[in-house]
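> Contents of upload.txt (compact mmCIF, C-alpha atoms) are given next:
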```
# COMPACT_ATOMS: atom_id res chain seq x y z
CA MET A 1428 -12.34 9.00 -22.46
CA ASN A 1429 -12.14 12.54 -21.13
CA PRO A 1430 -12.56 12.90 -17.33
CA SER A 1431 -12.93 16.68 -17.57
CA ALA A 1432 -16.12 16.50 -19.64
CA SER A 1433 -19.55 15.24 -18.63
CA GLY A 1434 -20.40 11.65 -19.46
CA TRP A 1435 -17.05 10.12 -18.58
CA ILE A 1436 -18.42 7.80 -15.88
CA ASN A 1437 -20.85 6.26 -18.38
CA LYS A 1438 -17.99 6.00 -20.86
CA PHE A 1439 -15.94 4.20 -18.22
CA GLY A 1440 -18.86 1.84 -17.65
CA GLN A 1441 -18.96 1.04 -21.35
CA ILE A 1442 -15.20 0.43 -21.44
CA VAL A 1443 -15.20 -2.05 -18.55
CA ASN A 1444 -18.31 -3.79 -19.87
CA THR A 1445 -16.95 -4.25 -23.39
CA SER A 1446 -13.21 -4.66 -22.80
CA HIS A 1447 -13.66 -7.36 -20.13
CA GLU A 1448 -10.49 -6.07 -18.48
CA SER A 1449 -10.38 -7.10 -14.83
CA TYR A 1450 -7.94 -7.97 -12.08
CA ALA A 1451 -7.86 -11.55 -10.83
CA ASN A 1452 -7.27 -10.50 -7.23
CA PHE A 1453 -6.41 -7.51 -5.06
CA ALA A 1454 -2.69 -8.17 -5.44
CA GLU A 1455 -2.94 -7.56 -9.20
CA LEU A 1456 -4.98 -4.42 -8.64
CA TYR A 1457 -2.55 -3.08 -6.03
CA ASN A 1458 0.50 -3.64 -8.24
CA ALA A 1459 -1.25 -2.04 -11.23
CA LEU A 1460 -2.24 1.06 -9.23
CA ARG A 1461 1.27 1.27 -7.77
CA LYS A 1462 2.71 1.41 -11.30
CA THR A 1463 0.36 4.29 -12.17
CA GLY A 1464 1.58 6.12 -9.05
CA PHE A 1465 -1.91 6.15 -7.53
CA VAL A 1466 -0.81 4.18 -4.43
CA TYR A 1467 1.96 6.75 -3.86
CA GLY A 1468 -0.47 9.64 -4.32
CA ILE A 1469 1.41 10.77 -7.45
CA ASN A 1470 -0.53 9.95 -10.60
CA THR A 1471 1.77 9.64 -13.61
CA GLN A 1472 -0.32 7.33 -15.81
CA VAL A 1473 -3.57 5.35 -16.01
CA PRO A 1474 -4.15 1.61 -16.63
CA PRO A 1475 -3.45 0.70 -20.27
CA PHE A 1476 -7.01 -0.44 -21.02
CA ILE A 1477 -8.24 3.17 -20.58
CA ALA A 1478 -7.95 4.94 -23.95
CA THR A 1479 -7.63 8.75 -24.02
CA GLN A 1480 -7.25 11.11 -26.96
CA HIS A 1481 -5.42 13.96 -25.26
CA THR A 1482 -2.65 14.29 -22.69
CA LEU A 1483 -4.11 13.94 -19.21
CA SER A 1484 -3.29 16.23 -16.31
CA GLU A 1485 -2.47 14.67 -12.93
CA ASP A 1486 -5.92 15.39 -11.53
CA GLU A 1487 -7.55 13.72 -14.55
CA LYS A 1488 -5.34 10.66 -14.06
CA ALA A 1489 -6.29 10.66 -10.37
CA LYS A 1490 -10.00 10.62 -11.25
CA ILE A 1491 -9.56 7.66 -13.58
CA ASN A 1492 -7.34 5.74 -11.17
CA LEU A 1493 -9.75 6.31 -8.28
CA VAL A 1494 -12.70 4.99 -10.26
CA VAL A 1495 -10.64 2.05 -11.58
CA GLY A 1496 -9.66 1.21 -8.00
CA LEU A 1497 -13.18 1.51 -6.60
CA TYR A 1498 -14.81 -0.38 -9.47
CA SER A 1499 -12.20 -3.15 -9.43
CA VAL A 1500 -12.66 -3.69 -5.68
CA PHE A 1501 -16.42 -3.87 -6.22
CA ASN A 1502 -15.98 -6.29 -9.12
CA LEU A 1503 -13.73 -8.56 -7.07
CA GLU A 1504 -16.35 -8.75 -4.33
CA ASN A 1505 -19.34 -8.86 -6.70
CA PRO A 1506 -18.26 -10.42 -10.02
CA LYS A 1507 -20.53 -10.08 -13.06
CA THR A 1508 -22.68 -7.44 -11.37
CA PRO A 1509 -24.27 -4.64 -13.52
CA PHE A 1510 -22.43 -1.31 -13.55
CA ASP A 1511 -25.51 0.43 -12.09
CA ALA A 1512 -25.10 -1.66 -8.95
CA PHE A 1513 -21.58 -0.27 -8.59
CA LEU A 1514 -22.93 3.29 -8.84
CA GLU A 1515 -25.46 2.61 -6.09
CA ALA A 1516 -22.80 1.03 -3.87
CA ILE A 1517 -20.45 4.01 -4.27
CA PHE A 1518 -23.13 6.54 -3.29
CA ALA A 1519 -24.06 4.45 -0.25
CA PHE A 1520 -20.39 4.10 0.69
CA TYR A 1521 -19.59 7.81 0.64
CA GLN A 1522 -22.82 8.61 2.45
CA ASP A 1523 -22.02 6.11 5.23
CA LEU A 1524 -18.46 7.45 5.29
CA GLY A 1525 -19.90 10.77 6.38
CA ILE A 1526 -18.33 13.18 3.94
CA GLN A 1527 -21.71 14.80 3.19
CA GLN A 1528 -21.22 17.47 5.85
CA ILE A 1529 -20.13 19.77 3.04
CA SER A 1530 -23.37 21.34 1.79
CA PHE A 1531 -23.06 20.58 -1.91
CA LEU A 1532 -21.96 17.00 -1.18
CA HIS A 1533 -25.04 16.59 0.99
CA LYS A 1534 -27.17 17.47 -2.04
CA ILE A 1535 -25.28 14.97 -4.20
CA LEU A 1536 -25.54 12.13 -1.70
CA THR A 1537 -29.17 12.68 -0.76
CA GLY A 1538 -30.52 13.57 -4.21
CA LYS A 1539 -30.97 11.52 -7.35
CA LYS A 1540 -28.15 9.01 -7.84
CA THR A 1541 -26.84 9.35 -11.40
CA SER A 1542 -23.52 9.03 -13.18
CA ASP A 1543 -23.45 12.85 -13.50
CA GLN A 1544 -23.76 13.15 -9.72
CA LEU A 1545 -20.98 10.62 -9.27
CA GLU A 1546 -18.73 12.73 -11.51
CA LYS A 1547 -19.26 15.66 -9.12
CA LEU A 1548 -18.62 13.42 -6.15
CA ILE A 1549 -15.35 12.14 -7.64
CA ASP A 1550 -14.30 15.75 -8.29
CA SER A 1551 -14.89 16.52 -4.61
CA ARG A 1552 -12.59 13.67 -3.56
CA VAL A 1553 -9.80 14.38 -6.06
CA TYR A 1554 -9.36 18.12 -5.63
CA LEU A 1555 -7.94 19.53 -2.42
CA GLU A 1556 -10.14 22.09 -0.71
CA ASP A 1557 -8.56 25.36 -1.73
CA ASN A 1558 -9.55 28.52 -3.52
CA LEU A 1559 -9.04 29.03 -7.24
CA ILE A 1560 -6.24 31.55 -6.78
CA SER A 1561 -4.20 29.15 -4.64
CA LYS A 1562 -4.78 26.38 -7.15
CA THR A 1563 -3.62 28.63 -9.95
CA PHE A 1564 -0.29 29.29 -8.26
CA ASN A 1565 0.14 25.88 -6.67
CA SER A 1566 0.58 22.75 -8.77
CA ILE A 1567 -0.13 20.56 -5.73
CA ILE A 1568 -3.94 20.44 -5.93
CA THR A 1569 -4.67 16.70 -6.05
CA ASN A 1570 -5.60 14.60 -3.00
CA SER A 1571 -2.64 12.30 -2.39
CA LEU A 1572 -4.44 9.89 -0.03
CA LEU A 1573 -7.09 8.65 -2.46
CA PHE A 1574 -5.91 5.06 -2.19
CA ILE A 1575 -7.32 5.09 1.34
CA ASP A 1576 -10.77 5.37 -0.28
CA VAL A 1577 -10.06 2.11 -2.13
CA LEU A 1578 -8.92 0.33 1.05
CA VAL A 1579 -11.90 1.59 3.03
CA PHE A 1580 -14.33 0.64 0.22
CA LYS A 1581 -12.84 -2.87 0.24
CA LYS A 1582 -13.57 -3.09 3.97
CA TYR A 1583 -17.02 -1.53 3.50
CA LEU A 1584 -18.09 -4.20 1.02
CA GLN A 1585 -17.18 -6.86 3.58
CA GLN A 1586 -18.34 -5.13 6.76
CA LYS A 1587 -20.32 -1.87 6.67
CA THR A 1588 -20.25 -0.94 10.37
CA GLU A 1589 -18.16 1.91 11.84
CA ILE A 1590 -16.67 2.68 8.45
CA ARG A 1591 -15.76 6.31 9.24
CA ALA A 1592 -13.79 5.23 12.33
CA TYR A 1593 -12.01 2.73 10.10
CA ALA A 1594 -11.07 5.51 7.63
CA GLN A 1595 -9.86 7.72 10.48
CA ASN A 1596 -7.63 4.90 11.70
CA LEU A 1597 -6.04 4.47 8.25
CA GLU A 1598 -5.42 8.20 7.91
CA TYR A 1599 -3.95 8.34 11.41
CA LYS A 1600 -1.44 5.59 10.67
CA THR A 1601 -0.56 7.00 7.23
CA ILE A 1602 0.15 10.55 8.41
CA HIS A 1603 2.13 9.34 11.44
CA ILE A 1604 4.28 7.08 9.26
CA THR A 1605 4.92 9.98 6.88
CA TYR A 1606 5.76 12.37 9.71
CA HIS A 1607 8.23 10.02 11.38
CA ALA A 1608 9.73 8.90 8.05
CA LEU A 1609 10.49 12.50 7.13
CA ASN A 1610 11.92 13.12 10.60
CA SER A 1611 14.31 10.19 10.16
CA LYS A 1612 16.23 12.18 7.53
CA GLU A 1613 17.70 15.62 6.98
CA LYS A 1614 15.01 18.05 5.90
CA GLU A 1615 14.94 19.40 2.35
CA ARG A 1616 12.53 21.62 0.49
CA ASN A 1617 10.89 18.69 -1.26
CA ASP A 1618 10.29 17.03 2.12
CA GLU A 1619 8.28 20.08 3.17
CA ARG A 1620 6.24 19.90 -0.03
CA LEU A 1621 5.54 16.20 0.48
CA ALA A 1622 4.47 16.84 4.08
CA GLN A 1623 2.25 19.69 2.91
CA LEU A 1624 0.69 17.48 0.24
CA PHE A 1625 -0.16 14.65 2.62
CA GLY A 1626 -1.35 17.03 5.34
CA ALA A 1627 -3.66 18.89 2.95
CA SER A 1628 -5.10 15.58 1.72
CA LEU A 1629 -6.47 14.49 5.11
CA THR A 1630 -10.26 14.11 5.27
CA PHE A 1631 -11.07 12.30 8.50
CA ILE A 1632 -8.54 13.55 11.07
CA ASP A 1633 -7.15 16.93 12.10
CA THR A 1634 -3.35 17.10 12.40
CA THR A 1635 -3.58 20.04 14.82
CA SER A 1636 -4.96 17.66 17.45
CA GLN A 1637 -2.40 14.90 16.80
CA ARG A 1638 0.47 13.99 19.11
CA PHE A 1639 3.24 12.73 16.84
CA ASP A 1640 4.87 10.40 19.35
CA GLY A 1641 5.91 6.77 19.02
CA SER A 1642 2.57 5.27 20.07
CA TYR A 1643 1.54 4.73 16.45
CA ARG A 1644 4.08 1.87 16.19
CA GLU A 1645 2.02 -0.28 18.55
CA LYS A 1646 -1.05 0.25 16.36
CA LEU A 1647 0.93 -0.87 13.32
CA MET A 1648 1.95 -4.09 15.05
CA HIS A 1649 -1.72 -4.91 15.65
CA ASN A 1650 -2.82 -4.14 12.09
CA HIS A 1651 -3.65 -7.45 10.41
CA SER A 1652 -4.69 -6.34 6.92
CA VAL A 1653 -1.90 -7.39 4.55
CA TRP A 1654 -2.68 -4.82 1.87
CA GLU A 1655 -3.10 -1.96 4.30
CA ASN A 1656 0.34 -2.87 5.63
CA HIS A 1657 1.74 -2.94 2.09
CA TYR A 1658 0.33 0.56 1.62
CA PHE A 1659 1.88 1.82 4.88
CA LEU A 1660 5.26 0.37 3.93
CA ASP A 1661 5.14 1.90 0.44
CA ILE A 1662 4.25 5.33 1.86
CA ALA A 1663 7.16 5.07 4.32
CA CYS A 1664 9.53 4.12 1.49
CA LEU A 1665 8.22 7.00 -0.63
CA SER A 1666 8.84 9.47 2.19
CA VAL A 1667 12.47 8.49 2.78
CA TRP A 1668 13.46 7.78 -0.82
CA GLU A 1669 12.30 11.07 -2.35
CA ASP A 1670 15.89 12.40 -2.51
CA ASN A 1671 17.11 9.20 -4.22
CA SER A 1672 19.31 8.17 -1.32
CA LEU A 1673 19.02 6.14 1.87
CA ASP A 1674 21.35 6.75 4.80
CA TYR A 1675 21.73 4.67 7.95
CA ARG A 1676 19.03 6.44 9.99
CA GLU A 1677 16.50 6.17 7.18
CA SER A 1678 17.36 2.53 6.56
CA GLU A 1679 16.97 1.74 10.26
CA PHE A 1680 13.57 3.45 10.29
CA ILE A 1681 12.27 1.67 7.16
CA PHE A 1682 13.33 -1.80 8.23
CA GLY A 1683 11.94 -1.13 11.71
CA ILE A 1684 8.57 -0.08 10.31
CA GLY A 1685 8.58 -3.03 7.92
CA LYS A 1686 9.22 -5.43 10.82
CA ASP A 1687 6.37 -3.86 12.83
CA LEU A 1688 4.09 -4.44 9.83
CA GLY A 1689 5.08 -8.10 9.64
CA PHE A 1690 7.31 -8.06 6.56
CA GLU A 1691 10.56 -9.93 5.97
CA LYS A 1692 13.71 -8.01 4.96
CA LYS A 1693 13.36 -9.21 1.37
CA GLN A 1694 9.83 -7.79 1.11
CA ILE A 1695 10.96 -4.46 2.58
CA SER A 1696 13.83 -4.29 0.08
CA GLU A 1697 11.40 -5.02 -2.77
CA SER A 1698 9.21 -2.12 -1.67
CA LEU A 1699 12.23 0.20 -1.70
CA GLU A 1700 13.17 -1.09 -5.15
CA GLU A 1701 9.67 -0.36 -6.46
CA VAL A 1702 9.84 3.22 -5.17
CA THR A 1703 13.31 3.65 -6.65
CA ALA A 1704 12.12 2.42 -10.05
CA PHE A 1705 9.11 4.73 -9.88
CA PHE A 1706 11.26 7.78 -9.15
CA ASP A 1707 13.82 6.86 -11.79
CA MET A 1708 11.06 6.67 -14.40
CA ASN A 1709 8.91 9.63 -13.33
CA ALA A 1710 11.07 12.14 -11.41
CA GLU A 1711 10.70 14.83 -14.11
CA ASN A 1712 6.91 14.54 -14.06
CA ILE A 1713 6.29 14.57 -10.31
CA PRO A 1714 4.75 17.98 -9.44
CA PHE A 1715 6.22 18.49 -5.97
CA LEU A 1716 9.74 17.76 -7.27
CA LYS A 1717 9.50 20.50 -9.88
CA ASP A 1718 11.08 23.78 -8.86
CA ASN A 1719 9.47 26.05 -11.43
CA ASN A 1720 9.68 29.79 -11.10
CA MET A 1721 6.42 31.61 -10.40
CA ALA A 1722 5.85 32.67 -14.02
CA MET A 1723 6.27 29.13 -15.37
CA GLN A 1724 4.10 27.69 -12.59
CA PHE A 1725 1.38 30.23 -13.39
CA TYR A 1726 1.53 29.40 -17.09
CA GLU A 1727 1.34 25.63 -16.49
CA SER A 1728 -1.52 25.98 -14.02
CA MET A 1729 -3.50 28.31 -16.27
CA SER A 1730 -2.94 25.98 -19.22
CA LYS A 1731 -4.67 23.26 -17.21
CA VAL A 1732 -7.52 25.62 -16.29
CA VAL A 1733 -8.04 26.74 -19.90
CA ASN A 1734 -7.75 23.17 -21.17
CA ARG A 1735 -10.46 22.04 -18.77
CA LEU A 1736 -12.74 24.96 -19.70
CA ILE A 1737 -12.36 24.12 -23.39
CA LEU A 1738 -13.15 20.46 -22.85
CA ARG A 1739 -16.16 21.11 -20.64
CA ASN A 1740 -17.63 23.49 -23.22
CA SER A 1741 -16.42 21.63 -26.27
CA LYS A 1742 -19.74 21.11 -28.04
CA ARG A 1743 -20.80 24.73 -27.74
CA LEU A 1744 -17.35 25.92 -28.80
CA GLN A 1745 -17.40 23.61 -31.81
CA LYS A 1746 -20.76 24.99 -32.87
CA GLU A 1747 -19.66 28.62 -32.44
CA LEU A 1748 -16.36 28.07 -34.23
CA SER A 1749 -18.04 26.26 -37.13
CA GLU A 1750 -20.08 29.42 -37.74
CA SER A 1751 -16.97 31.60 -37.94
CA ALA A 1752 -14.93 30.53 -40.96
CA GLU A 1753 -12.59 33.52 -40.71
CA LEU A 1754 -11.75 32.78 -37.07
CA VAL A 1755 -11.02 29.11 -37.81
CA ALA A 1756 -8.77 30.15 -40.69
CA LEU A 1757 -6.85 32.56 -38.46
CA LEU A 1758 -6.49 29.95 -35.70
CA SER A 1759 -5.11 27.52 -38.27
CA LYS A 1760 -2.60 30.12 -39.47
CA SER A 1761 -1.47 30.77 -35.89
CA THR A 1762 -0.20 27.18 -35.63
CA VAL A 1763 2.31 27.63 -38.46
CA ARG A 1764 3.30 31.32 -38.32
CA ASP A 1765 3.10 34.39 -36.13
CA LEU A 1766 0.03 36.52 -36.79
CA ASN A 1767 0.34 40.22 -37.47
CA SER A 1768 -1.26 42.77 -35.11
CA GLU A 1769 -4.42 43.13 -37.25
CA GLU A 1770 -4.98 39.36 -37.33
CA LYS A 1771 -4.40 39.08 -33.58
CA LYS A 1772 -6.96 41.82 -32.97
CA LYS A 1773 -9.52 40.02 -35.15
CA ILE A 1774 -8.99 36.77 -33.25
CA GLN A 1775 -9.31 38.52 -29.91
CA ASN A 1776 -12.53 40.32 -30.84
CA GLN A 1777 -14.18 37.24 -32.34
CA LEU A 1778 -13.15 34.99 -29.45
CA ILE A 1779 -14.46 37.48 -26.90
CA ASP A 1780 -17.81 37.49 -28.72
CA ILE A 1781 -17.91 33.68 -28.48
CA PHE A 1782 -16.91 33.64 -24.81
CA LYS A 1783 -19.71 36.09 -23.99
CA SER A 1784 -22.20 33.46 -25.15
CA ILE A 1785 -20.80 30.77 -22.80
CA PRO A 1786 -21.10 31.77 -19.10
CA SER A 1787 -18.39 29.43 -17.78
CA LEU A 1788 -15.86 31.10 -20.09
CA ALA A 1789 -16.43 34.48 -18.47
CA ILE A 1790 -12.86 34.30 -17.12
CA PHE A 1791 -11.68 35.36 -20.59
CA ILE A 1792 -13.68 38.60 -20.61
CA LEU A 1793 -12.64 39.73 -17.15
CA PRO A 1794 -9.97 42.44 -16.87
CA GLY A 1795 -6.69 40.78 -17.76
CA GLY A 1796 -8.44 37.78 -19.29
CA ALA A 1797 -6.87 38.49 -22.66
CA VAL A 1798 -3.58 37.10 -21.32
CA LEU A 1799 -5.21 33.66 -21.48
CA LEU A 1800 -6.03 33.89 -25.19
CA PRO A 1801 -2.58 32.69 -26.37
CA ILE A 1802 -3.06 29.61 -24.20
CA PHE A 1803 -6.48 29.05 -25.75
CA ILE A 1804 -5.08 29.47 -29.26
CA LYS A 1805 -2.28 27.04 -28.48
CA LEU A 1806 -4.67 24.38 -27.14
CA ILE A 1807 -7.62 24.63 -29.52
CA PRO A 1808 -5.94 23.13 -32.64
CA LYS A 1809 -5.08 19.98 -30.70
CA LEU A 1810 -8.62 19.62 -29.44
CA LEU A 1811 -10.50 20.14 -32.70
CA PRO A 1812 -12.24 18.17 -33.98
CA SER A 1813 -11.49 14.65 -32.71
CA SER A 1814 -11.46 15.37 -28.99
CA PHE A 1815 -14.75 17.20 -28.77
CA ASP A 1816 -16.87 14.20 -27.90
CA GLU A 1817 -14.53 11.68 -26.34
CA ASN A 1818 -17.16 10.43 -23.90
CA ARG A 1819 -19.67 9.52 -26.58
CA ILE A 1820 -20.85 5.95 -26.01
CA GLU A 1821 -20.76 3.90 -29.16
CA LYS A 1822 -23.95 2.05 -29.97
CA THR A 1823 -23.59 -1.66 -30.53
CA ASP A 1824 -25.87 -3.99 -32.37
CA ASN A 1825 -27.68 -6.46 -30.18
```
Could you write out this file's structure as structure tokens?


Amino acid sequence: MNPSASGWINKFGQIVNTSHESYANFAELYNALRKTGFVYGINTQVPPFIATQHTLSEDEKAKINLVVGLYSVFNLENPKTPFDAFLEAIFAFYQDLGIQQISFLHKILTGKKTSDQLEKLIDSRVYLEDNLISKTFNSIITNSLLFIDVLVFKKYLQQKTEIRAYAQNLEYKTIHITYHALNSKEKERNDERLAQLFGASLTFIDTTSQRFDGSYREKLMHNHSVWENHYFLDIACLSVWEDNSLDYRESEFIFGIGKDLGFEKKQISESLEEVTAFFDMNAENIPFLKDNNMAMQFYESMSKVVNRLILRNSKRLQKELSESAELVALLSKSTVRDLNSEEKKKIQNQLIDIFKSIPSLAIFILPGGAVLLPIFIKLIPKLLPSSFDENRIEKTDN
């Protein structure tokens, strides 16, 4: 399954319908999504029943984990219900949630409800609102509060009234816990990045109008949803444990928050242990912990952009490449040896001709676009031919 190409929602529907993978209860789902990093807002993997043929970027993992979370909640509340019913419920949910104020989302939510439209809707939830240039130079582009969507959808399926106010309340508590957790420790650069990531991920509240005082603690003590409280505790533990240490002030804060949320000391310690294990396993892959120089960050970000462009235009690229035997031969050579200047010029000219025929690849023919060609050449051998139609739904005999 390839979440950067069209058709992936239908492919997901086929996977869950044929694999019969499901979670027995919300506790199983929560623990599974915590292991993927989705609960923490840091997506390092996807559930094992989702098969992919290429290495996924964090935003692609976030898309899959969000849909897994939403579908699994729906399936727990409505077992053995057709996948189309899930699609209808998701559109109704996001419409009632009131995120359609953005013009293009309004068109999605009020127009024809299809899996293609849902793919666009999921994109709008996963990617932070930012311009392309900022995204290119900033690896932190993925909404880190997506698990709130899962919690709110769970509530929505049980009680549809005042759902936006409910989402605002969850965001309020989450961002206040993060703010006070970070203020319980000495500030470091990674703390600022984490704060930036959570702040940029807010949808329903505006931090500029927030008073970060201690009043949020009273709201926590009156919160009676067990799994919301687990989420708040895990976010607090994530915020203080990021530097792989826990001093007295931080410990006092965590155990105080845990007590307010109704947890015993053993449960609070277990939450800290889970965060510790997550960091120990994934520290090198967590974007906001990386301290890349600008050149490396640019290269990594542009690799993701080019990779996505290739995948989204895979069928047309495959057709164009199949008609250029010389180009394919040169691309193959480039994987095993350095090309000479004449060969590089041939590749550049032939690729530019192909890109001119595909509008969304116009980035390559803009001034300076040639700098992206080495990235394209590096990626294309891995993507041809097996990954060009990963979302194709296999026909089964009835």

> Identify which of the residues A:Ile1469, A:Leu1748, A:Leu1766, A:Ile1442 lies closest to Leu1665 (chain A), counting all atoms listed in the file when measuring atom-to-atom distances.

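Selected residue with least distance to Leu1665 (chain A): A:Ile1469.
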
> Taking only C-alpha atoms into account, which of A:Ser1751, A:Thr1471, A:Asn1502, A:Thr1508 comes nearest Leu1456 (chain A)?

A:Asn1502

> For the atom pair CA of Ile1681 (chain A) and CA of Asn1452 (chain A), what is the interatomic distance in Å to one decimal place?

27.1 Å

> Pick out the closest residue to Phe1476 (chain A) from this set: A:Ser1759, A:Ala1454, A:Lys1490, A:Ser1446. Count only C-alpha atoms.

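Comparing A:Ser1759, A:Ala1454, A:Lys1490, A:Ser1446 against Phe1476 (chain A), the winner is A:Ser1446.
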
> Restricting the calculation to all atoms listed in the file: of A:Glu1598, A:Thr1605, A:Phe1659, A:Lys1547, which residue gets closest to Asp1633 (chain A)?

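Using all atoms listed in the file, the shortest distance to Asp1633 (chain A) belongs to A:Glu1598.
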
> May I ask for the distance between CA of Asn1610 (chain A) and CA of Leu1660 (chain A), given in Å to one decimal place?

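CA of Asn1610 (chain A) sits 15.9 Å away from CA of Leu1660 (chain A).
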
> For a quick check of understanding, using only C-alpha atoms, which of A:Lys1742, A:Leu1584, A:Leu1754, A:Val1473 has the smallest distance to Lys1772 (chain A)?

A:Leu1754

> Provide the CA of Met1428 (chain A) to CA of Leu1497 (chain A) distance in Å, to one decimal place.

17.6 Å

> Check the smallest atom-to-atom distance from each of A:Val1653, A:Val1755, A:Ile1590, A:Ala1459 to Gly1496 (chain A) using only C-alpha atoms, then report the winner.

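The answer is A:Ala1459, which sits nearest to Gly1496 (chain A).
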
> Leaving out Lys1692 (chain A) and any residue of its chain fewer than 5 positions from it, which residues lie within 8 Å of it when counting only C-alpha atoms, given as a list in words?

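Selected residues are Phe1682, Gly1685 and Lys1686 of chain A.
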
> Hey, what's within 12 Å of Met1708 (chain A) if we count all atoms listed in the file and toss same-chain stuff fewer than 6 positions away? As an MDAnalysis selection string, please?

chainID A and resid 1462:1464 1471:1472 1701:1702
